[in-house]
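*Asks:* Dropping the structure in here first, questions after.
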Amino acid sequence: LTSAGQFAGLELILAGAPLLEIAITTLVINIRYTLMSLSLSQKVRLNGWQRAIISFGNTDEVFAVAMQAENPLSFSYMLGLIATPYLGWTVGTLLGGTVTSLLPLSLRSALGIAIYGMFIAIVVPVAKQSRAVLGVVALAVALSCAMHWLPVLNTVSSGFSIILCTVLAAGLGALAAPVPDEPSGAPDGEVA
């Protein structure tokens, strides 16, 4: 349940990329969900099978809303929170696939950049507030341009280019501007 992973995976499939490249690319793109799930797990009181179900629907939007809610989050609350974006994504994908097949090619091409606009809308406000995020974004853009235009680097496939740019920019950003530990509010040795 990931728009970025679906979008990148589809692009790689259409480009005839090997399965390993598609798998690694979608893993790198979606690794953030692991971090979000670890953080969210501190706010939920669920058993193992409930956590497995909830983990399927932990998207950026679900995480953002859930982290604003009061502790602890119940299974029914999380199911309700996940249902709306999941249904919206599923119905939107069905309608998008159906309707775009009826649109002229020029309009379909124009709509292909809409997802980039969504990511820009997500990143720009955060980058305006944080120099570290702005630096990581600028580094990722510079690396991506280098992978596209520089000889030798431009021979790397698009999937591995995404992987390299993501890992390098995020890794260097984490080294240059680590996030300080926040006190959990729980006594030493106790999980909040």
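If you're wondering about the labels, chains in the structure tokens are A, B, ... by order shown, residues count from 1 in each chain, ligands from 1 in order shown.
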Among range 15-64 of chain A, which residues does DSSP mark as helix (DSSP H, G or I) when it is run on the backbone? Keep the chain and numbering as in the structure and answer as an MDAnalysis selection string.
*Replies:* chainID A and resid 19:30 32:40 48:56 60:64
*Asks:* Residues as selected, C-alpha atoms, written as a compact mmCIF listing (two decimals), in the first residue's frame, can you do that?
*Replies:*
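What ended up in result_38.txt:
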# COMPACT_ATOMS: atom_id res chain seq x y z
CA LEU A 19 13.11 -8.36 -10.90
CA LEU A 20 16.00 -7.91 -8.45
CA GLU A 21 16.31 -4.23 -9.38
CA ILE A 22 12.56 -3.73 -8.96
CA ALA A 23 12.62 -5.48 -5.57
CA ILE A 24 15.59 -3.53 -4.23
CA THR A 25 14.22 -0.21 -5.50
CA THR A 26 10.83 -0.69 -3.89
CA LEU A 27 12.52 -1.87 -0.68
CA VAL A 28 14.67 1.27 -0.50
CA ILE A 29 11.72 3.54 -1.32
CA ASN A 30 9.54 1.87 1.32
CA ARG A 32 10.75 4.50 5.77
CA TYR A 33 7.67 2.51 6.74
CA THR A 34 9.85 0.40 9.02
CA LEU A 35 10.91 3.50 10.94
CA MET A 36 7.36 4.84 11.04
CA SER A 37 6.06 1.46 12.27
CA LEU A 38 8.66 1.33 15.04
CA SER A 39 7.59 4.76 16.20
CA LEU A 40 3.88 3.97 15.90
CA GLY A 48 0.67 -9.83 17.10
CA TRP A 49 -2.00 -10.51 14.47
CA GLN A 50 -3.52 -7.06 14.96
CA ARG A 51 -0.09 -5.45 14.50
CA ALA A 52 0.40 -7.46 11.29
CA ILE A 53 -2.89 -6.17 9.88
CA ILE A 54 -2.17 -2.58 10.91
CA SER A 55 1.34 -2.72 9.45
CA PHE A 56 -0.18 -3.26 6.00
CA ASP A 60 2.63 8.43 5.44
CA GLU A 61 -0.84 9.88 5.95
CA VAL A 62 -1.97 7.23 8.44
CA PHE A 63 1.24 7.67 10.42
CA ALA A 64 0.88 11.47 10.53
*Asks:* Can you pull out the residues contacting Ala138 in chain A? Cut-off 10 Å, using only C-alpha atoms, and skip same-chain residues under 6 positions away; I want them as a list of chain:residue names.
*Replies:*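 Counting only the stated atoms, we get A:Ala127, A:Ala132, A:Ser144, A:Ala169.
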*Asks:* Within 12 Å of Leu153 in chain A, counting only C-alpha atoms, which residues qualify if same-chain residues fewer than 5 places away don't, as a ChimeraX atom specification?
*Replies:* /A:143-148,158,160-161,164-165
*Asks:* Could you save the residues just selected, with N, CA and C atoms, as a CSV table (one decimal), in the first residue's frame?
*Replies:*
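Output contents, as saved in result32.csv:
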chain,number,residue,atom,x,y,z
A,143,LEU,N,22.7,14.6,-6.9
A,143,LEU,CA,23.1,13.2,-7.2
A,143,LEU,C,22.3,12.6,-8.3
A,144,SER,N,21.0,12.9,-8.3
A,144,SER,CA,20.2,12.5,-9.4
A,144,SER,C,20.6,13.1,-10.8
A,145,CYS,N,20.9,14.4,-10.7
A,145,CYS,CA,21.4,15.0,-12.0
A,145,CYS,C,22.7,14.4,-12.4
A,146,ALA,N,23.6,14.1,-11.5
A,146,ALA,CA,24.9,13.5,-11.8
A,146,ALA,C,24.6,12.1,-12.5
A,147,MET,N,23.7,11.4,-11.9
A,147,MET,CA,23.4,10.1,-12.4
A,147,MET,C,22.8,10.1,-13.8
A,148,HIS,N,22.2,11.2,-14.1
A,148,HIS,CA,21.5,11.3,-15.4
A,148,HIS,C,22.5,11.9,-16.5
A,158,SER,N,17.8,3.2,-14.1
A,158,SER,CA,17.1,4.1,-13.3
A,158,SER,C,16.7,3.6,-11.9
A,160,PHE,N,18.6,1.4,-10.0
A,160,PHE,CA,19.7,1.5,-9.2
A,160,PHE,C,20.2,2.9,-8.9
A,161,SER,N,19.8,3.8,-9.9
A,161,SER,CA,20.1,5.2,-9.7
A,161,SER,C,19.3,5.8,-8.5
A,164,LEU,N,20.8,4.4,-5.2
A,164,LEU,CA,22.1,5.1,-4.9
A,164,LEU,C,21.8,6.5,-4.4
A,165,CYS,N,21.0,7.3,-5.1
A,165,CYS,CA,20.7,8.6,-4.6
A,165,CYS,C,20.0,8.7,-3.3
*Asks:* What gap, in Å, lies between CA of Leu46 in chain A and CA of Val65 in chain A?
*Replies:*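 Interatomic distance, CA of Leu46 in chain A to CA of Val65 in chain A: 17.8 Å.
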*Asks:* Go through A:Ile113, A:Leu102, A:Met78, A:Val133 one by one, measure the shortest atom-to-atom distance of each to Ala177 in chain A using only C-alpha atoms, and give the residue with the smallest value.
*Replies:* A:Val133
*Asks:* Return the single residue from A:Val99, A:Asn58, A:Gln42, A:Gly92 that is closest to Leu79 in chain A, with distances computed using only C-alpha atoms.
*Replies:*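 So, comparing all the options, the nearest one is A:Asn58.
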*Asks:* Which residue, A:Thr155, A:Thr166, A:Thr59, A:Ser130, has the smallest gap to Ile82 in chain A when you use only C-alpha atoms?
*Replies:*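 For Ile82 in chain A, the nearest of the candidates is A:Thr59.
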*Asks:* Which value, in Å to one decimal, gives the distance between CA of Val91 in chain A and CA of Gly9 in chain A?
*Replies:*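 CA of Gly9 in chain A lies 19.4 Å from CA of Val91 in chain A.
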*Asks:* So which residues touch Gly173 in chain A within 10 Å, counting only C-alpha atoms, skipping near sequence neighbours fewer than 3 positions away, as a list in words?
*Replies:*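 In the requested form, the answer reads Ala132, Val133, Leu134, Gly135, Val136, Val137, Leu139, Ala140, Val167, Leu168, Ala169, Ala170, Ala176, Ala177 and Pro178 of chain A.
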*Asks:* How would the residues just chosen look if you wrote them out with all heavy atoms as a PDB file, in the first residue's frame?
*Replies:*
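Once everything was written out, this is out04.pdb:
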ATOM      1  N   ALA A 132      18.627  21.003   7.506  1.00  0.00           N
ATOM      2  CA  ALA A 132      19.123  19.644   7.288  1.00  0.00           C
ATOM      3  C   ALA A 132      18.317  18.950   6.181  1.00  0.00           C
ATOM      4  O   ALA A 132      18.889  18.330   5.284  1.00  0.00           O
ATOM      5  CB  ALA A 132      19.066  18.833   8.578  1.00  0.00           C
ATOM      6  N   VAL A 133      16.995  19.084   6.237  1.00  0.00           N
ATOM      7  CA  VAL A 133      16.145  18.480   5.211  1.00  0.00           C
ATOM      8  C   VAL A 133      16.406  19.150   3.866  1.00  0.00           C
ATOM      9  O   VAL A 133      16.518  18.468   2.830  1.00  0.00           O
ATOM     10  CB  VAL A 133      14.650  18.568   5.587  1.00  0.00           C
ATOM     11  CG1 VAL A 133      13.760  18.132   4.429  1.00  0.00           C
ATOM     12  CG2 VAL A 133      14.364  17.738   6.824  1.00  0.00           C
ATOM     13  N   LEU A 134      16.541  20.462   3.860  1.00  0.00           N
ATOM     14  CA  LEU A 134      16.848  21.181   2.629  1.00  0.00           C
ATOM     15  C   LEU A 134      18.170  20.692   2.034  1.00  0.00           C
ATOM     16  O   LEU A 134      18.279  20.474   0.829  1.00  0.00           O
ATOM     17  CB  LEU A 134      16.908  22.688   2.895  1.00  0.00           C
ATOM     18  CG  LEU A 134      17.217  23.568   1.684  1.00  0.00           C
ATOM     19  CD1 LEU A 134      16.155  23.398   0.599  1.00  0.00           C
ATOM     20  CD2 LEU A 134      17.328  25.027   2.113  1.00  0.00           C
ATOM     21  N   GLY A 135      19.161  20.478   2.889  1.00  0.00           N
ATOM     22  CA  GLY A 135      20.456  19.966   2.423  1.00  0.00           C
ATOM     23  C   GLY A 135      20.346  18.573   1.829  1.00  0.00           C
ATOM     24  O   GLY A 135      20.953  18.281   0.788  1.00  0.00           O
ATOM     25  N   VAL A 136      19.579  17.695   2.465  1.00  0.00           N
ATOM     26  CA  VAL A 136      19.398  16.333   1.954  1.00  0.00           C
ATOM     27  C   VAL A 136      18.669  16.372   0.613  1.00  0.00           C
ATOM     28  O   VAL A 136      19.038  15.658  -0.327  1.00  0.00           O
ATOM     29  CB  VAL A 136      18.647  15.447   2.975  1.00  0.00           C
ATOM     30  CG1 VAL A 136      18.215  14.131   2.351  1.00  0.00           C
ATOM     31  CG2 VAL A 136      19.519  15.197   4.194  1.00  0.00           C
ATOM     32  N   VAL A 137      17.640  17.217   0.508  1.00  0.00           N
ATOM     33  CA  VAL A 137      16.903  17.340  -0.753  1.00  0.00           C
ATOM     34  C   VAL A 137      17.834  17.853  -1.853  1.00  0.00           C
ATOM     35  O   VAL A 137      17.854  17.315  -2.962  1.00  0.00           O
ATOM     36  CB  VAL A 137      15.671  18.263  -0.589  1.00  0.00           C
ATOM     37  CG1 VAL A 137      15.049  18.613  -1.935  1.00  0.00           C
ATOM     38  CG2 VAL A 137      14.645  17.610   0.321  1.00  0.00           C
ATOM     39  N   LEU A 139      21.081  17.640  -2.004  1.00  0.00           N
ATOM     40  CA  LEU A 139      22.049  16.591  -2.318  1.00  0.00           C
ATOM     41  C   LEU A 139      21.410  15.511  -3.189  1.00  0.00           C
ATOM     42  O   LEU A 139      22.018  15.049  -4.160  1.00  0.00           O
ATOM     43  CB  LEU A 139      22.615  15.979  -1.032  1.00  0.00           C
ATOM     44  CG  LEU A 139      23.628  14.853  -1.207  1.00  0.00           C
ATOM     45  CD1 LEU A 139      24.834  15.326  -2.017  1.00  0.00           C
ATOM     46  CD2 LEU A 139      24.056  14.329   0.151  1.00  0.00           C
ATOM     47  N   ALA A 140      20.196  15.113  -2.866  1.00  0.00           N
ATOM     48  CA  ALA A 140      19.503  14.093  -3.661  1.00  0.00           C
ATOM     49  C   ALA A 140      19.280  14.580  -5.097  1.00  0.00           C
ATOM     50  O   ALA A 140      19.476  13.823  -6.061  1.00  0.00           O
ATOM     51  CB  ALA A 140      18.170  13.718  -3.022  1.00  0.00           C
ATOM     52  N   VAL A 167      20.004   6.293  -0.790  1.00  0.00           N
ATOM     53  CA  VAL A 167      20.861   5.826   0.301  1.00  0.00           C
ATOM     54  C   VAL A 167      21.981   6.829   0.589  1.00  0.00           C
ATOM     55  O   VAL A 167      22.252   7.148   1.758  1.00  0.00           O
ATOM     56  CB  VAL A 167      21.430   4.423  -0.013  1.00  0.00           C
ATOM     57  CG1 VAL A 167      22.480   4.013   0.987  1.00  0.00           C
ATOM     58  CG2 VAL A 167      20.299   3.398  -0.041  1.00  0.00           C
ATOM     59  N   LEU A 168      22.611   7.364  -0.452  1.00  0.00           N
ATOM     60  CA  LEU A 168      23.694   8.331  -0.239  1.00  0.00           C
ATOM     61  C   LEU A 168      23.188   9.624   0.407  1.00  0.00           C
ATOM     62  O   LEU A 168      23.779  10.112   1.372  1.00  0.00           O
ATOM     63  CB  LEU A 168      24.404   8.644  -1.559  1.00  0.00           C
ATOM     64  CG  LEU A 168      25.340   7.565  -2.075  1.00  0.00           C
ATOM     65  CD1 LEU A 168      25.821   7.899  -3.488  1.00  0.00           C
ATOM     66  CD2 LEU A 168      26.533   7.403  -1.136  1.00  0.00           C
ATOM     67  N   ALA A 169      22.107  10.195  -0.134  1.00  0.00           N
ATOM     68  CA  ALA A 169      21.596  11.456   0.414  1.00  0.00           C
ATOM     69  C   ALA A 169      21.111  11.272   1.856  1.00  0.00           C
ATOM     70  O   ALA A 169      21.441  12.076   2.737  1.00  0.00           O
ATOM     71  CB  ALA A 169      20.473  12.007  -0.467  1.00  0.00           C
ATOM     72  N   ALA A 170      20.348  10.217   2.109  1.00  0.00           N
ATOM     73  CA  ALA A 170      19.839   9.988   3.467  1.00  0.00           C
ATOM     74  C   ALA A 170      20.975   9.660   4.429  1.00  0.00           C
ATOM     75  O   ALA A 170      21.003  10.160   5.566  1.00  0.00           O
ATOM     76  CB  ALA A 170      18.813   8.863   3.458  1.00  0.00           C
ATOM     77  N   ALA A 176      25.564  14.087   8.845  1.00  0.00           N
ATOM     78  CA  ALA A 176      25.809  15.521   8.990  1.00  0.00           C
ATOM     79  C   ALA A 176      24.880  16.179  10.009  1.00  0.00           C
ATOM     80  O   ALA A 176      25.281  17.133  10.683  1.00  0.00           O
ATOM     81  CB  ALA A 176      25.648  16.207   7.638  1.00  0.00           C
ATOM     82  N   ALA A 177      23.658  15.707  10.122  1.00  0.00           N
ATOM     83  CA  ALA A 177      22.679  16.343  11.010  1.00  0.00           C
ATOM     84  C   ALA A 177      21.867  15.292  11.747  1.00  0.00           C
ATOM     85  O   ALA A 177      20.670  15.137  11.508  1.00  0.00           O
ATOM     86  CB  ALA A 177      21.767  17.258  10.200  1.00  0.00           C
ATOM     87  N   PRO A 178      22.500  14.560  12.682  1.00  0.00           N
ATOM     88  CA  PRO A 178      21.742  13.537  13.409  1.00  0.00           C
ATOM     89  C   PRO A 178      20.657  14.164  14.282  1.00  0.00           C
ATOM     90  O   PRO A 178      20.817  15.262  14.792  1.00  0.00           O
ATOM     91  CB  PRO A 178      22.805  12.837  14.263  1.00  0.00           C
ATOM     92  CG  PRO A 178      23.915  13.825  14.378  1.00  0.00           C
ATOM     93  CD  PRO A 178      23.871  14.684  13.138  1.00  0.00           C
TER      94      PRO A 178
END
*Asks:* Tell me which of A:Leu87, A:Ile122, A:Ala114, A:Leu81 sits closest to Phe7 in chain A, counting only C-alpha atoms.
*Replies:*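 Using only C-alpha atoms, Phe7 in chain A sits closest to A:Ala114.
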